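Coordinates from target_7.pdb are shown below (PDB, C-alpha atoms).
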```
ATOM      1  CA  MET A   1       0.000   0.000   0.000  1.00  0.00           C
ATOM      2  CA  THR A   2       1.392   3.392  -1.018  1.00  0.00           C
ATOM      3  CA  VAL A   3       0.774   6.268   1.364  1.00  0.00           C
ATOM      4  CA  THR A   4       0.723   9.691  -0.247  1.00  0.00           C
ATOM      5  CA  PRO A   5       2.666  12.265   1.787  1.00  0.00           C
ATOM      6  CA  PRO A   6       0.575  15.199   3.004  1.00  0.00           C
ATOM      7  CA  LYS A   7       0.661  18.396   1.016  1.00  0.00           C
ATOM      8  CA  PRO A   8       2.468  21.343   2.641  1.00  0.00           C
ATOM      9  CA  ALA A   9      -0.856  22.932   3.549  1.00  0.00           C
ATOM     10  CA  SER A  10      -1.977  19.791   5.376  1.00  0.00           C
ATOM     11  CA  TRP A  11       1.367  19.516   7.175  1.00  0.00           C
ATOM     12  CA  SER A  12       1.119  23.151   8.285  1.00  0.00           C
ATOM     13  CA  TYR A  13      -2.465  22.597   9.421  1.00  0.00           C
ATOM     14  CA  ALA A  14      -1.426  19.601  11.523  1.00  0.00           C
ATOM     15  CA  GLU A  15       1.633  21.388  12.904  1.00  0.00           C
ATOM     16  CA  GLY A  16      -0.484  24.291  14.114  1.00  0.00           C
ATOM     17  CA  PHE A  17      -3.498  22.214  15.157  1.00  0.00           C
ATOM     18  CA  VAL A  18      -2.875  23.028  18.841  1.00  0.00           C
ATOM     19  CA  GLU A  19      -2.386  26.776  18.888  1.00  0.00           C
ATOM     20  CA  GLU A  20       0.252  28.471  20.998  1.00  0.00           C
ATOM     21  CA  ASP A  21      -0.841  31.194  23.387  1.00  0.00           C
ATOM     22  CA  GLU A  22       0.866  34.491  24.210  1.00  0.00           C
ATOM     23  CA  VAL A  23       3.056  32.916  26.889  1.00  0.00           C
ATOM     24  CA  LEU A  24       4.480  30.361  24.464  1.00  0.00           C
ATOM     25  CA  ALA A  25       4.860  33.020  21.776  1.00  0.00           C
ATOM     26  CA  ALA A  26       6.865  35.180  24.186  1.00  0.00           C
ATOM     27  CA  ALA A  27       9.062  32.219  25.123  1.00  0.00           C
ATOM     28  CA  ARG A  28       9.644  31.489  21.444  1.00  0.00           C
ATOM     29  CA  ALA A  29      10.621  35.143  20.857  1.00  0.00           C
ATOM     30  CA  ARG A  30      13.156  34.921  23.701  1.00  0.00           C
ATOM     31  CA  ALA A  31      14.613  31.790  22.143  1.00  0.00           C
ATOM     32  CA  GLU A  32      14.999  33.506  18.781  1.00  0.00           C
ATOM     33  CA  GLU A  33      16.774  36.451  20.395  1.00  0.00           C
ATOM     34  CA  VAL A  34      19.543  34.216  21.769  1.00  0.00           C
ATOM     35  CA  GLY A  35      19.671  31.790  18.838  1.00  0.00           C
ATOM     36  CA  ALA A  36      18.125  28.858  20.712  1.00  0.00           C
ATOM     37  CA  VAL A  37      16.127  26.758  18.253  1.00  0.00           C
ATOM     38  CA  ALA A  38      12.919  25.807  20.057  1.00  0.00           C
ATOM     39  CA  ILE A  39      10.781  22.767  19.323  1.00  0.00           C
ATOM     40  CA  GLY A  40       7.918  23.480  16.919  1.00  0.00           C
ATOM     41  CA  SER A  41       4.315  23.707  18.027  1.00  0.00           C
ATOM     42  CA  GLY A  42       3.511  20.236  16.673  1.00  0.00           C
ATOM     43  CA  GLY A  43       6.359  18.641  18.601  1.00  0.00           C
ATOM     44  CA  GLY A  44       5.476  20.650  21.695  1.00  0.00           C
ATOM     45  CA  ALA A  45       1.865  19.505  21.544  1.00  0.00           C
ATOM     46  CA  ALA A  46       3.096  15.910  21.203  1.00  0.00           C
ATOM     47  CA  LEU A  47       5.248  16.322  24.332  1.00  0.00           C
ATOM     48  CA  ARG A  48       2.316  17.720  26.275  1.00  0.00           C
ATOM     49  CA  PHE A  49       0.166  14.808  25.123  1.00  0.00           C
ATOM     50  CA  LEU A  50       2.784  12.221  26.142  1.00  0.00           C
ATOM     51  CA  ALA A  51       3.333  13.817  29.552  1.00  0.00           C
ATOM     52  CA  SER A  52      -0.428  13.912  30.112  1.00  0.00           C
ATOM     53  CA  LEU A  53      -0.934  10.348  28.866  1.00  0.00           C
ATOM     54  CA  ILE A  54       1.394   8.880  31.500  1.00  0.00           C
ATOM     55  CA  GLU A  55       0.471  11.474  34.159  1.00  0.00           C
ATOM     56  CA  ALA A  56       4.133  12.410  34.444  1.00  0.00           C
ATOM     57  CA  ARG A  57       5.292  13.615  37.831  1.00  0.00           C
ATOM     58  CA  ALA A  58       9.066  13.684  37.240  1.00  0.00           C
ATOM     59  CA  VAL A  59      10.535  14.759  33.880  1.00  0.00           C
ATOM     60  CA  VAL A  60      14.097  15.411  32.721  1.00  0.00           C
ATOM     61  CA  GLU A  61      14.797  17.762  29.842  1.00  0.00           C
ATOM     62  CA  VAL A  62      18.169  18.076  28.093  1.00  0.00           C
ATOM     63  CA  GLY A  63      18.289  21.468  26.404  1.00  0.00           C
ATOM     64  CA  THR A  64      16.320  24.142  28.271  1.00  0.00           C
ATOM     65  CA  GLY A  65      16.497  26.808  25.588  1.00  0.00           C
ATOM     66  CA  ALA A  66      14.235  29.673  26.623  1.00  0.00           C
ATOM     67  CA  GLY A  67      11.554  27.405  28.036  1.00  0.00           C
ATOM     68  CA  VAL A  68       9.316  26.574  25.062  1.00  0.00           C
ATOM     69  CA  SER A  69       9.534  22.784  25.388  1.00  0.00           C
ATOM     70  CA  GLY A  70       9.512  23.078  29.177  1.00  0.00           C
ATOM     71  CA  LEU A  71       6.202  24.930  29.074  1.00  0.00           C
ATOM     72  CA  TRP A  72       4.662  22.268  26.849  1.00  0.00           C
ATOM     73  CA  LEU A  73       5.910  19.517  29.168  1.00  0.00           C
ATOM     74  CA  LEU A  74       4.761  21.261  32.354  1.00  0.00           C
ATOM     75  CA  ARG A  75       1.296  21.785  30.892  1.00  0.00           C
ATOM     76  CA  GLY A  76       0.969  18.043  30.344  1.00  0.00           C
ATOM     77  CA  MET A  77       2.426  16.941  33.678  1.00  0.00           C
ATOM     78  CA  ARG A  78       0.563  16.451  36.921  1.00  0.00           C
ATOM     79  CA  SER A  79      -0.035  19.606  38.927  1.00  0.00           C
ATOM     80  CA  ASP A  80       2.504  18.404  41.488  1.00  0.00           C
ATOM     81  CA  GLY A  81       5.033  17.382  38.834  1.00  0.00           C
ATOM     82  CA  VAL A  82       8.614  18.670  38.716  1.00  0.00           C
ATOM     83  CA  LEU A  83      10.607  19.382  35.563  1.00  0.00           C
ATOM     84  CA  THR A  84      14.385  19.052  35.857  1.00  0.00           C
ATOM     85  CA  THR A  85      15.883  20.903  32.913  1.00  0.00           C
ATOM     86  CA  ILE A  86      19.571  20.958  31.956  1.00  0.00           C
ATOM     87  CA  ASP A  87      21.410  23.422  29.735  1.00  0.00           C
ATOM     88  CA  ILE A  88      25.017  24.527  29.439  1.00  0.00           C
ATOM     89  CA  GLU A  89      23.870  28.110  28.801  1.00  0.00           C
ATOM     90  CA  ALA A  90      22.912  29.796  32.080  1.00  0.00           C
ATOM     91  CA  GLU A  91      21.489  32.784  30.184  1.00  0.00           C
ATOM     92  CA  HIS A  92      19.070  30.521  28.330  1.00  0.00           C
ATOM     93  CA  GLN A  93      17.884  29.149  31.663  1.00  0.00           C
ATOM     94  CA  ARG A  94      17.368  32.656  33.027  1.00  0.00           C
ATOM     95  CA  LEU A  95      15.083  33.348  30.075  1.00  0.00           C
ATOM     96  CA  ALA A  96      13.316  30.038  30.644  1.00  0.00           C
ATOM     97  CA  ARG A  97      12.581  31.007  34.230  1.00  0.00           C
ATOM     98  CA  GLU A  98      10.995  34.209  32.890  1.00  0.00           C
ATOM     99  CA  SER A  99       8.827  32.069  30.625  1.00  0.00           C
ATOM    100  CA  TYR A 100       7.785  29.793  33.488  1.00  0.00           C
ATOM    101  CA  ASN A 101       6.986  32.838  35.617  1.00  0.00           C
ATOM    102  CA  ASP A 102       4.842  34.300  32.814  1.00  0.00           C
ATOM    103  CA  ALA A 103       2.900  31.032  32.791  1.00  0.00           C
ATOM    104  CA  GLY A 104       2.353  31.121  36.556  1.00  0.00           C
ATOM    105  CA  ILE A 105       4.475  28.009  37.120  1.00  0.00           C
ATOM    106  CA  PRO A 106       5.569  27.849  40.792  1.00  0.00           C
ATOM    107  CA  PRO A 107       9.392  27.982  41.051  1.00  0.00           C
ATOM    108  CA  GLN A 108       9.528  24.624  42.824  1.00  0.00           C
ATOM    109  CA  ARG A 109       8.037  22.903  39.767  1.00  0.00           C
ATOM    110  CA  ALA A 110      10.954  23.772  37.448  1.00  0.00           C
ATOM    111  CA  ARG A 111      14.452  22.870  38.600  1.00  0.00           C
ATOM    112  CA  THR A 112      17.071  24.381  36.284  1.00  0.00           C
ATOM    113  CA  ILE A 113      20.593  22.934  36.340  1.00  0.00           C
ATOM    114  CA  ALA A 114      23.317  24.768  34.415  1.00  0.00           C
ATOM    115  CA  GLY A 115      25.955  22.389  33.101  1.00  0.00           C
ATOM    116  CA  ALA A 116      26.905  19.890  30.422  1.00  0.00           C
ATOM    117  CA  ALA A 117      24.249  17.184  30.117  1.00  0.00           C
ATOM    118  CA  LEU A 118      26.704  14.290  30.340  1.00  0.00           C
ATOM    119  CA  ASP A 119      28.088  15.734  33.575  1.00  0.00           C
ATOM    120  CA  VAL A 120      24.644  16.266  35.121  1.00  0.00           C
ATOM    121  CA  LEU A 121      22.648  13.202  33.984  1.00  0.00           C
ATOM    122  CA  PRO A 122      24.842  10.634  35.814  1.00  0.00           C
ATOM    123  CA  ARG A 123      24.051  12.427  39.091  1.00  0.00           C
ATOM    124  CA  LEU A 124      20.290  11.930  38.738  1.00  0.00           C
ATOM    125  CA  THR A 125      18.449   9.050  40.419  1.00  0.00           C
ATOM    126  CA  ASP A 126      18.014   5.691  38.665  1.00  0.00           C
ATOM    127  CA  GLY A 127      14.460   4.715  37.731  1.00  0.00           C
ATOM    128  CA  HIS A 128      12.982   7.894  39.173  1.00  0.00           C
ATOM    129  CA  TYR A 129      11.654   9.628  36.059  1.00  0.00           C
ATOM    130  CA  ASP A 130       8.537   9.233  33.935  1.00  0.00           C
ATOM    131  CA  LEU A 131       9.782  11.016  30.828  1.00  0.00           C
ATOM    132  CA  VAL A 132      13.146  12.141  29.455  1.00  0.00           C
ATOM    133  CA  PHE A 133      13.171  14.649  26.580  1.00  0.00           C
ATOM    134  CA  CYS A 134      16.436  15.269  24.706  1.00  0.00           C
ATOM    135  CA  ASP A 135      17.077  18.339  22.571  1.00  0.00           C
ATOM    136  CA  GLY A 136      20.745  19.021  23.282  1.00  0.00           C
ATOM    137  CA  ASP A 137      23.975  18.276  21.406  1.00  0.00           C
ATOM    138  CA  LYS A 138      22.986  15.957  18.541  1.00  0.00           C
ATOM    139  CA  ALA A 139      26.407  14.281  18.572  1.00  0.00           C
ATOM    140  CA  GLU A 140      25.658  13.155  22.153  1.00  0.00           C
ATOM    141  CA  TYR A 141      22.244  11.612  21.446  1.00  0.00           C
ATOM    142  CA  ALA A 142      23.479   8.010  21.795  1.00  0.00           C
ATOM    143  CA  ALA A 143      24.929   8.827  25.215  1.00  0.00           C
ATOM    144  CA  TYR A 144      21.679  10.551  26.220  1.00  0.00           C
ATOM    145  CA  LEU A 145      19.757   7.380  25.383  1.00  0.00           C
ATOM    146  CA  LYS A 146      21.965   5.295  27.646  1.00  0.00           C
ATOM    147  CA  GLU A 147      21.411   7.720  30.523  1.00  0.00           C
ATOM    148  CA  ALA A 148      17.683   8.026  29.803  1.00  0.00           C
ATOM    149  CA  LEU A 149      17.117   4.270  29.993  1.00  0.00           C
ATOM    150  CA  ARG A 150      18.796   4.255  33.396  1.00  0.00           C
ATOM    151  CA  LEU A 151      16.754   7.192  34.641  1.00  0.00           C
ATOM    152  CA  LEU A 152      13.354   6.007  33.403  1.00  0.00           C
ATOM    153  CA  ARG A 153      10.973   3.859  35.377  1.00  0.00           C
ATOM    154  CA  PRO A 154       9.486   0.873  33.521  1.00  0.00           C
ATOM    155  CA  GLY A 155       6.713   2.266  31.350  1.00  0.00           C
ATOM    156  CA  GLY A 156       8.467   5.625  31.074  1.00  0.00           C
ATOM    157  CA  ILE A 157       9.064   7.488  27.814  1.00  0.00           C
ATOM    158  CA  VAL A 158      12.152   8.867  26.108  1.00  0.00           C
ATOM    159  CA  ALA A 159      11.851  11.412  23.288  1.00  0.00           C
ATOM    160  CA  PHE A 160      14.383  13.008  20.940  1.00  0.00           C
ATOM    161  CA  ASP A 161      13.752  16.156  18.910  1.00  0.00           C
ATOM    162  CA  ASN A 162      15.266  16.721  15.443  1.00  0.00           C
ATOM    163  CA  ALA A 163      15.037  13.011  14.625  1.00  0.00           C
ATOM    164  CA  LEU A 164      14.774  13.837  10.910  1.00  0.00           C
ATOM    165  CA  TRP A 165      17.499  16.507  11.173  1.00  0.00           C
ATOM    166  CA  HIS A 166      16.463  18.829   8.356  1.00  0.00           C
ATOM    167  CA  ASP A 167      15.683  15.925   5.978  1.00  0.00           C
ATOM    168  CA  ARG A 168      19.268  14.642   6.240  1.00  0.00           C
ATOM    169  CA  VAL A 169      18.622  11.423   8.208  1.00  0.00           C
ATOM    170  CA  ALA A 170      16.519   9.863   5.436  1.00  0.00           C
ATOM    171  CA  ASP A 171      19.214  10.601   2.834  1.00  0.00           C
ATOM    172  CA  PRO A 172      21.930   7.891   2.998  1.00  0.00           C
ATOM    173  CA  ALA A 173      24.331  10.198   1.171  1.00  0.00           C
ATOM    174  CA  GLN A 174      24.412  12.490   4.215  1.00  0.00           C
ATOM    175  CA  ARG A 175      27.174  11.175   6.483  1.00  0.00           C
ATOM    176  CA  ASP A 176      28.172  14.094   8.716  1.00  0.00           C
ATOM    177  CA  GLU A 177      28.607  13.244  12.405  1.00  0.00           C
ATOM    178  CA  GLU A 178      25.315  14.605  13.702  1.00  0.00           C
ATOM    179  CA  THR A 179      23.229  13.015  10.941  1.00  0.00           C
ATOM    180  CA  THR A 180      24.994   9.671  11.370  1.00  0.00           C
ATOM    181  CA  VAL A 181      24.504   9.672  15.145  1.00  0.00           C
ATOM    182  CA  ILE A 182      20.786  10.434  14.838  1.00  0.00           C
ATOM    183  CA  ARG A 183      20.323   7.839  12.083  1.00  0.00           C
ATOM    184  CA  GLU A 184      22.095   5.147  14.128  1.00  0.00           C
ATOM    185  CA  LEU A 185      20.122   6.131  17.226  1.00  0.00           C
ATOM    186  CA  GLY A 186      16.883   5.437  15.374  1.00  0.00           C
ATOM    187  CA  LYS A 187      18.141   2.051  14.216  1.00  0.00           C
ATOM    188  CA  GLU A 188      19.267   1.164  17.736  1.00  0.00           C
ATOM    189  CA  MET A 189      15.933   2.095  19.272  1.00  0.00           C
ATOM    190  CA  ALA A 190      13.960   0.268  16.567  1.00  0.00           C
ATOM    191  CA  ALA A 191      15.964  -2.925  17.179  1.00  0.00           C
ATOM    192  CA  ASP A 192      15.780  -2.808  20.990  1.00  0.00           C
ATOM    193  CA  ASP A 193      13.277  -5.377  22.281  1.00  0.00           C
ATOM    194  CA  THR A 194      12.971  -3.472  25.562  1.00  0.00           C
ATOM    195  CA  LEU A 195      11.546  -0.408  23.786  1.00  0.00           C
ATOM    196  CA  VAL A 196       8.333   0.366  21.901  1.00  0.00           C
ATOM    197  CA  PRO A 197       9.474   3.048  19.418  1.00  0.00           C
ATOM    198  CA  VAL A 198       7.762   5.382  16.985  1.00  0.00           C
ATOM    199  CA  LEU A 199       9.070   8.186  14.769  1.00  0.00           C
ATOM    200  CA  LEU A 200       6.566  11.024  14.570  1.00  0.00           C
ATOM    201  CA  PRO A 201       6.912  13.347  11.544  1.00  0.00           C
ATOM    202  CA  VAL A 202       6.092  16.481  13.543  1.00  0.00           C
ATOM    203  CA  GLY A 203       8.354  19.489  13.261  1.00  0.00           C
ATOM    204  CA  ASP A 204      11.864  18.219  12.510  1.00  0.00           C
ATOM    205  CA  GLY A 205      10.938  14.707  13.679  1.00  0.00           C
ATOM    206  CA  LEU A 206      10.224  13.417  17.188  1.00  0.00           C
ATOM    207  CA  LEU A 207      11.645   9.969  17.980  1.00  0.00           C
ATOM    208  CA  VAL A 208       9.759   8.448  20.914  1.00  0.00           C
ATOM    209  CA  ALA A 209       9.979   5.139  22.758  1.00  0.00           C
ATOM    210  CA  LYS A 210       8.347   3.568  25.761  1.00  0.00           C
ATOM    211  CA  LYS A 211      10.545   1.574  28.127  1.00  0.00           C
ATOM    212  CA  GLU A 212       8.857  -1.791  28.480  1.00  0.00           C
ATOM    213  CA  TRP A 213       7.889  -3.266  31.819  1.00  0.00           C
ATOM    214  CA  SER A 214      10.321  -6.028  32.703  1.00  0.00           C
ATOM    215  CA  PRO A 215       9.713  -9.062  34.954  1.00  0.00           C
ATOM    216  CA  GLU A 216      10.865  -8.703  38.538  1.00  0.00           C
TER     217      GLU A 216
END
```
Go ahead and render the structure in this file as structure tokens.
Amino acid sequence: MTVTPPKPASWSYAEGFVEEDEVLAAARARAEEVGAVAIGSGGGAALRFLASLIEARAVVEVGTGAGVSGLWLLRGMRSDGVLTTIDIEAEHQRLARESYNDAGIPPQRARTIAGAALDVLPRLTDGHYDLVFCDGDKAEYAAYLKEALRLLRPGGIVAFDNALWHDRVADPAQRDEETTVIRELGKEMAADDTLVPVLLPVGDGLLVAKKEWSPE
């Protein structure tokens, strides 16, 4: 069966199906000012849906930016949920805190940690988190997956933004480091019997997998 790809108008309609409000628009403007590429509205809506679906209470985010993805995640999490967000750029996190404040998010619900992800992630608690979202250094995605699987509880979800990487991943002729890492990450997740993966064609691609429940 041949599936016809959606026309650009249909893709745009789907991408903007859940509209962003003024708070998200302001966060996106802050991101643009400092050159932080925020997740698109379609990917953000997918994150909110996933966080809501599993009633996430504890979420880790790699790549704070100016708070766009964090706002989407927090809006899907339980009202007592805590987002732990990591970014090497302290200024980006300052802007994110402004975004959270604009949204009326209590400070205790968003824990910002300034530092390199691969220095911070190993210090977080095993099996404690419901969802791990990665939007940091693409060359480190494979290492993020290893940490995420340690951090997630059984039944938890890991998600990677930019899984299509500007249409480069699907093109075998593209062999730069970032494209290759993302392509191999997808293959690894698809072949892992302990994961239930799916690649969602929202934004620049959102690669998602559920960590299966394992016997005691």
(request) One decimal, Å: what's the distance from atom CA of Thr64 of chain A over to atom CA of Val196 of chain A, could you say? (result) 25.9 Å
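The coordinates place atom CA of Thr180 of chain A at 24.8 Å from atom CA of Leu151 of chain A.
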(request) Find, counting only C-alpha atoms, the residue in A:Val120, A:Ala38, A:Ala45, A:Val132 that gets nearest to Ala66 of chain A. (result)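 The closest residue to Ala66 of chain A is A:Ala38.
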(request) Starting from the shown file, work through the PyMOL selection byres ((chain A and resi 55) around 10) and note down what comes out as an MDAnalysis selection string. (result) chainID A and resid 49:54 56:58 76:79 81 130:131
(request) Could you give me, as a PyMOL selection string, the residues within 12 Å of Trp72 of chain A, counting only C-alpha atoms and dropping anything in the same chain fewer than 6 positions from it? (result) chain A and resi 18-21+23-25+27-28+38-52+59+61+64+83+99-100+103+105+133
Can you write out the residues you just picked, keeping C-alpha atoms, as a compact mmCIF listing (two decimals), in the frame of the given file?
```txt
# COMPACT_ATOMS: atom_id res chain seq x y z
CA VAL A 18 -2.88 23.03 18.84
CA GLU A 19 -2.39 26.78 18.89
CA GLU A 20 0.25 28.47 21.00
CA ASP A 21 -0.84 31.19 23.39
CA VAL A 23 3.06 32.92 26.89
CA LEU A 24 4.48 30.36 24.46
CA ALA A 25 4.86 33.02 21.78
CA ALA A 27 9.06 32.22 25.12
CA ARG A 28 9.64 31.49 21.44
CA ALA A 38 12.92 25.81 20.06
CA ILE A 39 10.78 22.77 19.32
CA GLY A 40 7.92 23.48 16.92
CA SER A 41 4.32 23.71 18.03
CA GLY A 42 3.51 20.24 16.67
CA GLY A 43 6.36 18.64 18.60
CA GLY A 44 5.48 20.65 21.70
CA ALA A 45 1.86 19.50 21.54
CA ALA A 46 3.10 15.91 21.20
CA LEU A 47 5.25 16.32 24.33
CA ARG A 48 2.32 17.72 26.28
CA PHE A 49 0.17 14.81 25.12
CA LEU A 50 2.78 12.22 26.14
CA ALA A 51 3.33 13.82 29.55
CA SER A 52 -0.43 13.91 30.11
CA VAL A 59 10.54 14.76 33.88
CA GLU A 61 14.80 17.76 29.84
CA THR A 64 16.32 24.14 28.27
CA LEU A 83 10.61 19.38 35.56
CA SER A 99 8.83 32.07 30.62
CA TYR A 100 7.78 29.79 33.49
CA ALA A 103 2.90 31.03 32.79
CA ILE A 105 4.47 28.01 37.12
CA PHE A 133 13.17 14.65 26.58
```
Determine, using all atoms listed in the file, which residues of segment 133-187 of chain A have any atom at most 12 Å from an atom of segment 107-119 of chain A, and tabulate each with its shortest atom pair and distance in Å to one decimal place, rows ordered by chain and then rising number, as JSON lines.
```
{"residue": "A:Phe133", "atom": "CA", "partner": "A:Ala117", "partner_atom": "CA", "distance": 11.9}
{"residue": "A:Cys134", "atom": "CA", "partner": "A:Ala117", "partner_atom": "CA", "distance": 9.7}
{"residue": "A:Asp135", "atom": "CA", "partner": "A:Ala117", "partner_atom": "CA", "distance": 10.5}
{"residue": "A:Gly136", "atom": "CA", "partner": "A:Ala117", "partner_atom": "CA", "distance": 7.9}
{"residue": "A:Asp137", "atom": "CA", "partner": "A:Ala117", "partner_atom": "CA", "distance": 8.8}
{"residue": "A:Lys138", "atom": "CA", "partner": "A:Ala117", "partner_atom": "CA", "distance": 11.7}
{"residue": "A:Ala139", "atom": "CA", "partner": "A:Leu118", "partner_atom": "CA", "distance": 11.8}
{"residue": "A:Glu140", "atom": "CA", "partner": "A:Leu118", "partner_atom": "CA", "distance": 8.3}
{"residue": "A:Tyr141", "atom": "CA", "partner": "A:Leu118", "partner_atom": "CA", "distance": 10.3}
{"residue": "A:Ala142", "atom": "CA", "partner": "A:Leu118", "partner_atom": "CA", "distance": 11.1}
{"residue": "A:Ala143", "atom": "CA", "partner": "A:Leu118", "partner_atom": "CA", "distance": 7.7}
{"residue": "A:Tyr144", "atom": "CA", "partner": "A:Leu118", "partner_atom": "CA", "distance": 7.5}
{"residue": "A:Leu145", "atom": "CA", "partner": "A:Leu118", "partner_atom": "CA", "distance": 11.0}
{"residue": "A:Lys146", "atom": "CA", "partner": "A:Leu118", "partner_atom": "CA", "distance": 10.5}
{"residue": "A:Glu147", "atom": "CA", "partner": "A:Leu118", "partner_atom": "CA", "distance": 8.4}
{"residue": "A:Ala148", "atom": "CA", "partner": "A:Leu118", "partner_atom": "CA", "distance": 11.0}
```
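The spacing separating atom CA of Thr85 of chain A from atom CA of Glu98 of chain A amounts to 14.2 Å.
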(request) Let me know the residues the PyMOL selection byres ((chain A and resi 30) around 9) catches in the file above, as a ChimeraX atom specification. (result) /A:25-29,31-36,65-67,92,95-96,99
(message) Measuring between only C-alpha atoms, which one of A:Leu195, A:Leu124, A:Leu152, A:Ala159 shows the shortest distance to Glu212 of chain A?
(response)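 Of A:Leu195, A:Leu124, A:Leu152, A:Ala159, the one nearest Glu212 of chain A, counting only C-alpha atoms, is A:Leu195.
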(message) Could you check the closest approach to Val60 of chain A for each of A:Leu164, A:Leu121, A:Val3, A:Ile88 and tell me which residue wins, using all atoms listed in the file?
(response)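 Among the listed residues, A:Leu121 lies closest to Val60 of chain A.
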(request) Determine the nearest neighbour of Thr194 of chain A from the options A:Ile86, A:Val37, A:Ile157, A:Ala173, counting all atoms listed in the file. (result)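 Closest to Thr194 of chain A, using all atoms listed in the file: A:Ile157.
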